[in-house]
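J.: Supplied structure: my_file-v9.csv, CSV, C-alpha atoms.
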chain,number,residue,atom,x,y,z
G,24,MET,CA,0.3,0.1,-17.5
G,25,THR,CA,2.3,3.3,-16.7
G,26,ALA,CA,2.6,4.9,-13.3
G,27,GLU,CA,0.1,7.6,-14.2
G,28,GLU,CA,-2.4,5.0,-15.4
G,29,ILE,CA,-2.1,3.2,-12.1
G,30,LYS,CA,-2.5,6.4,-10.2
G,31,SER,CA,-5.7,7.2,-12.1
G,32,GLN,CA,-7.0,3.7,-11.5
G,33,TYR,CA,-6.5,3.5,-7.7
G,34,THR,CA,-7.3,6.0,-4.9
G,35,MET,CA,-5.5,6.0,-1.6
G,36,ARG,CA,-8.6,4.4,0.0
G,37,ASP,CA,-8.4,1.5,-2.5
G,38,ILE,CA,-4.8,0.9,-1.5
G,39,LEU,CA,-5.6,1.2,2.3
G,40,ALA,CA,-8.5,-1.3,1.8
G,41,ARG,CA,-5.9,-3.9,0.6
G,42,TYR,CA,-4.2,-3.7,3.9
G,43,GLY,CA,-7.4,-3.7,6.0
G,44,ILE,CA,-7.1,0.0,7.0
G,45,GLN,CA,-10.3,2.1,7.0
G,46,PRO,CA,-10.0,5.9,7.4
G,47,ASN,CA,-12.8,7.7,9.3
G,48,ARG,CA,-15.1,10.1,7.5
G,49,ALA,CA,-12.6,13.0,7.9
G,50,GLY,CA,-9.9,10.9,6.2
G,51,PHE,CA,-7.8,10.1,9.3
G,52,CYS,CA,-6.6,6.7,10.4
G,53,HIS,CA,-3.9,5.2,12.6
G,54,CYS,CA,-0.6,5.2,10.9
G,55,PRO,CA,0.8,1.7,10.4
G,56,PHE,CA,4.4,3.0,10.3
G,57,HIS,CA,4.7,4.0,14.0
G,58,LYS,CA,3.3,2.9,17.3
G,59,GLY,CA,1.7,4.8,20.1
G,60,ASP,CA,-1.2,6.6,18.3
G,61,ARG,CA,-4.0,7.4,20.7
G,62,GLU,CA,-5.8,9.4,18.0
G,63,PRO,CA,-5.6,8.8,14.3
G,64,SER,CA,-2.6,10.7,12.9
G,65,MET,CA,-2.5,9.8,9.2
G,66,LYS,CA,-4.5,11.9,6.8
G,67,VAL,CA,-5.6,10.2,3.6
G,68,TYR,CA,-6.2,12.3,0.6
G,69,GLU,CA,-7.5,11.2,-2.9
G,70,LYS,CA,-4.0,10.4,-4.3
G,71,ASP,CA,-1.6,10.6,-1.4
G,72,TRP,CA,-1.2,10.6,2.4
G,73,HIS,CA,0.6,12.3,5.2
G,74,CYS,CA,1.2,11.2,8.8
G,75,TYR,CA,1.4,14.0,11.3
G,76,GLY,CA,2.9,11.7,14.0
G,77,CYS,CA,6.0,10.3,12.2
G,78,ASN,CA,6.0,12.9,9.3
G,79,ARG,CA,6.0,10.3,6.6
G,80,ASN,CA,4.1,11.0,3.4
G,81,GLY,CA,3.8,9.8,-0.2
G,82,ASP,CA,1.6,8.4,-2.9
G,83,ILE,CA,0.2,5.0,-3.5
G,84,PHE,CA,3.6,3.6,-4.6
G,85,THR,CA,5.3,4.9,-1.5
G,86,PHE,CA,2.6,3.4,0.8
G,87,VAL,CA,3.0,0.0,-0.9
G,88,GLN,CA,6.8,0.2,-0.7
G,89,LEU,CA,6.7,0.9,3.0
G,90,MET,CA,4.0,-1.6,3.9
G,91,ASP,CA,5.6,-4.5,1.9
G,92,GLY,CA,9.3,-3.5,2.1
G,93,LEU,CA,9.6,-3.3,-1.7
G,94,SER,CA,11.5,-1.2,-4.1
G,95,PHE,CA,9.6,1.3,-6.3
G,96,LYS,CA,9.9,-1.1,-9.2
G,97,ASP,CA,8.5,-4.0,-7.2
G,98,ALA,CA,5.7,-1.8,-5.9
G,99,PHE,CA,4.9,-0.6,-9.4
G,100,LEU,CA,4.8,-4.2,-10.6
G,101,SER,CA,2.6,-5.4,-7.7
G,102,LEU,CA,0.1,-2.7,-8.6
G,103,GLY,CA,-0.1,-3.9,-12.2
G,104,GLY,CA,2.5,-1.8,-13.9
G,105,THR,CA,4.6,-3.1,-16.8
G,106,TYR,CA,8.2,-2.3,-17.7
G,107,GLU,CA,8.5,-4.8,-20.5
G,108,LYS,CA,6.4,-7.0,-22.7
G,109,ASN,CA,7.8,-10.3,-21.3
G,110,PRO,CA,8.2,-10.1,-17.5
G,111,SER,CA,11.7,-11.0,-16.3
G,112,PHE,CA,12.3,-13.6,-13.6
G,113,SER,CA,12.9,-10.8,-11.0
G,114,SER,CA,9.6,-9.1,-11.8
G,115,ARG,CA,7.7,-12.4,-11.6
G,116,ALA,CA,9.5,-13.0,-8.3
G,117,ALA,CA,8.5,-9.6,-7.0
G,118,LEU,CA,4.9,-10.2,-7.9
G,119,TYR,CA,5.0,-13.6,-6.1
G,120,ARG,CA,6.6,-12.0,-3.0
G,121,ALA,CA,3.9,-9.2,-2.9
G,122,LYS,CA,1.1,-11.8,-3.3
G,123,LYS,CA,2.5,-13.9,-0.5
G,124,ALA,CA,2.9,-10.9,1.8
G,125,LYS,CA,-0.7,-10.0,1.1
G,126,GLU,CA,-1.9,-13.5,1.8
G,127,GLN,CA,0.1,-13.5,5.1
G,128,ARG,CA,-1.5,-10.2,6.1
G,129,GLN,CA,-5.0,-11.6,5.4
G,130,LYS,CA,-4.2,-14.7,7.5
G,131,GLU,CA,-3.0,-12.5,10.4
G,132,GLN,CA,-6.2,-10.4,10.2
G,133,GLU,CA,-8.4,-13.4,10.2
G,134,ARG,CA,-6.5,-14.8,13.2
G,135,LEU,CA,-7.0,-11.5,15.0
G,136,LEU,CA,-10.7,-11.5,14.3
G,137,LYS,CA,-11.2,-15.0,15.8
Rewrite the coordinates I just gave you, this time as structure tokens.
T.:
Amino acid sequence: MTAEEIKSQYTMRDILARYGIQPNRAGFCHCPFHKGDREPSMKVYEKDWHCYGCNRNGDIFTFVQLMDGLSFKDAFLSLGGTYEKNPSFSSRAALYRAKKAKEQRQKEQERLLK
């Protein structure tokens, strides 16, 4: 899958749902990249986002990169992108790390809900 195909397949709300973030009806939510929000400061659009508190912005790839601490290539691969027909060891390792990070976030959320 190419980057454009991935962008057409996912919306920003789909990506936020992976991390347990739910924007309000107006499209605002608390920014996960800075602390101290009393009111939601991150505006979510169809294909991108912007935080008025820390002035960060980007698309679905940028969001995944910042949340998981990945390079663009690793974020691209974790969203289902392909660079080559046979994945290299490093791309398989990136997918494994992204999967483990997601599982860890889910465990933390479950622990917080208890």
J.: One number please: CA of Ala117 (chain G) to CA of Ser101 (chain G), in Å, one decimal.
T.: 7.3 Å
J.: Extract, using all atoms listed in the file, all DNA, RNA and protein residues at most 10 Å from Leu89 (chain G), discarding same-chain residues fewer than 5 positions from it, and format them as a PyMOL selection string.
T.: chain G and resi 55-56+81+84+94-95+98
J.: Quick one: residues within 12 Å of region 119-124 of chain G, only C-alpha atoms counted, chain neighbours fewer than 2 positions away excluded, as a list of chain:residue names?
T.: G:Arg41, G:Tyr42, G:Val87, G:Gln88, G:Met90, G:Asp91, G:Gly92, G:Leu93, G:Ser94, G:Lys96, G:Asp97, G:Ala98, G:Phe99, G:Leu100, G:Ser101, G:Leu102, G:Gly103, G:Phe112, G:Ser113, G:Ser114, G:Arg115, G:Ala116, G:Ala117, G:Glu126, G:Gln127, G:Arg128, G:Gln129, G:Lys130, G:Glu131
J.: Residues within 10 Å of Arg79 (chain G), please, as a list of chain:residue names. Count all atoms listed in the file; anything in the same chain fewer than 6 positions from it doesn't count.
T.: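 Listed by chain and then number, they are G:Cys54, G:Phe56, G:His57, G:Met65, G:Trp72, G:His73, G:Thr85, G:Phe86.
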J.: What does the distance from CA of Lys66 (chain G) to CA of His53 (chain G) come to in Å, to one decimal?
T.: 8.9 Å
J.: Give me the residues within 9 Å of region 33-37 of chain G as number ranges by chain, counting only C-alpha atoms and dropping any in the same chain fewer than 3 places off.
T.: G: 28-30, 40-41, 44-46, 67-72, 82-83, 86
J.: How would the residues just chosen look if you wrote them out with C-alpha atoms as a short mmCIF file (atom, residue, chain, number, x, y, z; two decimals), keeping the file's coordinate frame?
T.:
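See part_35.cif below for the written result:
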data_model
loop_
_atom_site.label_atom_id
_atom_site.label_comp_id
_atom_site.auth_asym_id
_atom_site.auth_seq_id
_atom_site.Cartn_x
_atom_site.Cartn_y
_atom_site.Cartn_z
CA GLU G 28 -2.40 5.00 -15.40
CA ILE G 29 -2.10 3.20 -12.10
CA LYS G 30 -2.50 6.40 -10.20
CA ALA G 40 -8.50 -1.30 1.80
CA ARG G 41 -5.90 -3.90 0.60
CA ILE G 44 -7.10 0.00 7.00
CA GLN G 45 -10.30 2.10 7.00
CA PRO G 46 -10.00 5.90 7.40
CA VAL G 67 -5.60 10.20 3.60
CA TYR G 68 -6.20 12.30 0.60
CA GLU G 69 -7.50 11.20 -2.90
CA LYS G 70 -4.00 10.40 -4.30
CA ASP G 71 -1.60 10.60 -1.40
CA TRP G 72 -1.20 10.60 2.40
CA ASP G 82 1.60 8.40 -2.90
CA ILE G 83 0.20 5.00 -3.50
CA PHE G 86 2.60 3.40 0.80
#
J.: For CA of Ala26 (chain G) and CA of Phe51 (chain G), determine how far apart the two atoms are, in Å to one decimal place.
T.: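 A separation of 25.4 Å between them.
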J.: Would you list the contacts of Tyr75 (chain G) as JSON, numbers by chain, taking every protein, DNA or RNA residue within 6 Å and counting all atoms listed in the file, but skipping same-chain residues closer than 2 positions in sequence?
T.: {"G": [64, 77, 78]}
J.: Create the file for the chosen residues now, containing C-alpha atoms and written as an mmCIF file, in the coordinates of the input.
T.:
data_model
loop_
_atom_site.group_PDB
_atom_site.id
_atom_site.type_symbol
_atom_site.label_atom_id
_atom_site.label_comp_id
_atom_site.auth_asym_id
_atom_site.auth_seq_id
_atom_site.Cartn_x
_atom_site.Cartn_y
_atom_site.Cartn_z
ATOM 1 C CA SER G 64 -2.600 10.700 12.900
ATOM 2 C CA CYS G 77 6.000 10.300 12.200
ATOM 3 C CA ASN G 78 6.000 12.900 9.300
#
J.: So which one's closest to Gly43 (chain G), G:Ser31, G:Gln132, G:Asn80, G:Thr25? Using only C-alpha atoms, please.
T.: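 Using only C-alpha atoms, Gly43 (chain G) sits closest to G:Gln132.
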J.: Quick test: take chain G, keep C-alpha atoms, and write it as a compact mmCIF listing (two decimals), in the first residue's frame.
T.:
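Result file out13.txt:
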# COMPACT_ATOMS: atom_id res chain seq x y z
CA MET G 24 0.00 0.00 0.00
CA THR G 25 1.23 3.50 -0.77
CA ALA G 26 1.04 6.50 1.56
CA GLU G 27 -1.88 7.95 -0.40
CA GLU G 28 -3.80 4.67 -0.19
CA ILE G 29 -3.25 4.58 3.56
CA LYS G 30 -4.44 8.18 3.89
CA SER G 31 -7.57 7.36 1.92
CA GLN G 32 -8.22 4.28 4.06
CA TYR G 33 -7.92 5.94 7.51
CA THR G 34 -9.34 9.15 8.96
CA MET G 35 -7.75 10.99 11.87
CA ARG G 36 -10.58 9.74 14.09
CA ASP G 37 -9.66 6.14 13.18
CA ILE G 38 -6.07 6.76 14.23
CA LEU G 39 -7.11 8.51 17.47
CA ALA G 40 -9.37 5.57 18.32
CA ARG G 41 -6.32 3.28 18.20
CA TYR G 42 -4.89 5.28 21.09
CA GLY G 43 -8.15 5.60 23.03
CA ILE G 44 -8.59 9.29 22.26
CA GLN G 45 -12.12 10.47 21.52
CA PRO G 46 -12.64 14.02 20.17
CA ASN G 47 -15.82 15.88 21.08
CA ARG G 48 -18.49 16.69 18.50
CA ALA G 49 -16.68 19.86 17.49
CA GLY G 50 -13.52 17.83 16.80
CA PHE G 51 -11.48 18.94 19.81
CA CYS G 52 -9.65 16.72 22.30
CA HIS G 53 -6.88 17.00 24.86
CA CYS G 54 -3.46 16.93 23.21
CA PRO G 55 -1.41 13.87 24.19
CA PHE G 56 1.86 15.70 23.46
CA HIS G 57 1.77 18.27 26.25
CA LYS G 58 0.39 18.50 29.77
CA GLY G 59 -1.72 21.12 31.45
CA ASP G 60 -4.75 21.32 29.20
CA ARG G 61 -7.81 22.49 31.08
CA GLU G 62 -9.80 22.63 27.89
CA PRO G 63 -9.25 20.50 24.77
CA SER G 64 -6.66 22.21 22.57
CA MET G 65 -6.16 19.76 19.70
CA LYS G 66 -8.46 20.14 16.70
CA VAL G 67 -9.01 17.01 14.63
CA TYR G 68 -9.87 17.34 10.97
CA GLU G 69 -10.66 14.61 8.45
CA LYS G 70 -7.06 13.91 7.41
CA ASP G 71 -4.92 15.94 9.80
CA TRP G 72 -4.74 17.65 13.21
CA HIS G 73 -3.45 20.82 14.88
CA CYS G 74 -2.83 21.58 18.57
CA TYR G 75 -3.31 25.20 19.53
CA GLY G 76 -1.54 24.61 22.87
CA CYS G 77 1.83 23.24 21.74
CA ASN G 78 1.47 24.27 18.06
CA ARG G 79 2.17 20.78 16.74
CA ASN G 80 0.34 19.53 13.67
CA GLY G 81 0.45 16.89 11.01
CA ASP G 82 -1.28 14.01 9.31
CA ILE G 83 -1.91 10.43 10.39
CA PHE G 84 1.74 9.49 9.87
CA THR G 85 3.02 12.37 11.98
CA PHE G 86 0.59 11.48 14.77
CA VAL G 87 1.69 7.82 14.83
CA GLN G 88 5.35 8.89 14.71
CA LEU G 89 4.95 11.16 17.73
CA MET G 90 2.79 8.74 19.74
CA ASP G 91 5.02 5.70 19.25
CA GLY G 92 8.39 7.42 18.78
CA LEU G 93 8.85 5.97 15.29
CA SER G 94 10.48 7.15 12.11
CA PHE G 95 8.25 7.89 9.13
CA LYS G 96 9.15 4.55 7.56
CA ASP G 97 8.23 2.63 10.72
CA ALA G 98 4.96 4.57 11.09
CA PHE G 99 4.20 3.89 7.42
CA LEU G 100 4.83 0.17 7.91
CA SER G 101 2.78 0.03 11.13
CA LEU G 102 -0.21 1.47 9.23
CA GLY G 103 0.06 -1.24 6.59
CA GLY G 104 2.35 0.38 4.04
CA THR G 105 4.77 -1.65 1.96
CA TYR G 106 8.17 -0.63 0.64
CA GLU G 107 9.17 -3.94 -0.84
CA LYS G 108 7.64 -7.30 -1.66
CA ASN G 109 9.63 -9.22 0.95
CA PRO G 110 9.78 -7.31 4.23
CA SER G 111 13.25 -6.86 5.61
CA PHE G 112 14.23 -7.77 9.14
CA SER G 113 14.14 -4.11 10.19
CA SER G 114 10.61 -3.59 8.83
CA ARG G 115 9.37 -6.74 10.59
CA ALA G 116 11.07 -5.49 13.78
CA ALA G 117 9.36 -2.10 13.41
CA LEU G 118 5.98 -3.76 13.06
CA TYR G 119 6.71 -5.90 16.12
CA ARG G 120 7.71 -2.82 18.17
CA ALA G 121 4.58 -0.95 17.07
CA LYS G 122 2.39 -3.94 17.98
CA LYS G 123 4.01 -4.24 21.41
CA ALA G 124 3.63 -0.49 22.05
CA LYS G 125 -0.07 -0.73 21.17
CA GLU G 126 -0.53 -3.72 23.49
CA GLN G 127 1.21 -1.83 26.30
CA ARG G 128 -1.06 1.20 25.81
CA GLN G 129 -4.12 -1.07 25.92
CA LYS G 130 -2.89 -2.71 29.15
CA GLU G 131 -2.32 0.71 30.73
CA GLN G 132 -5.80 1.87 29.72
CA GLU G 133 -7.37 -1.28 31.16
CA ARG G 134 -5.42 -0.78 34.39
CA LEU G 135 -6.63 2.84 34.62
CA LEU G 136 -10.25 1.80 34.10
CA LYS G 137 -10.13 -0.67 37.01
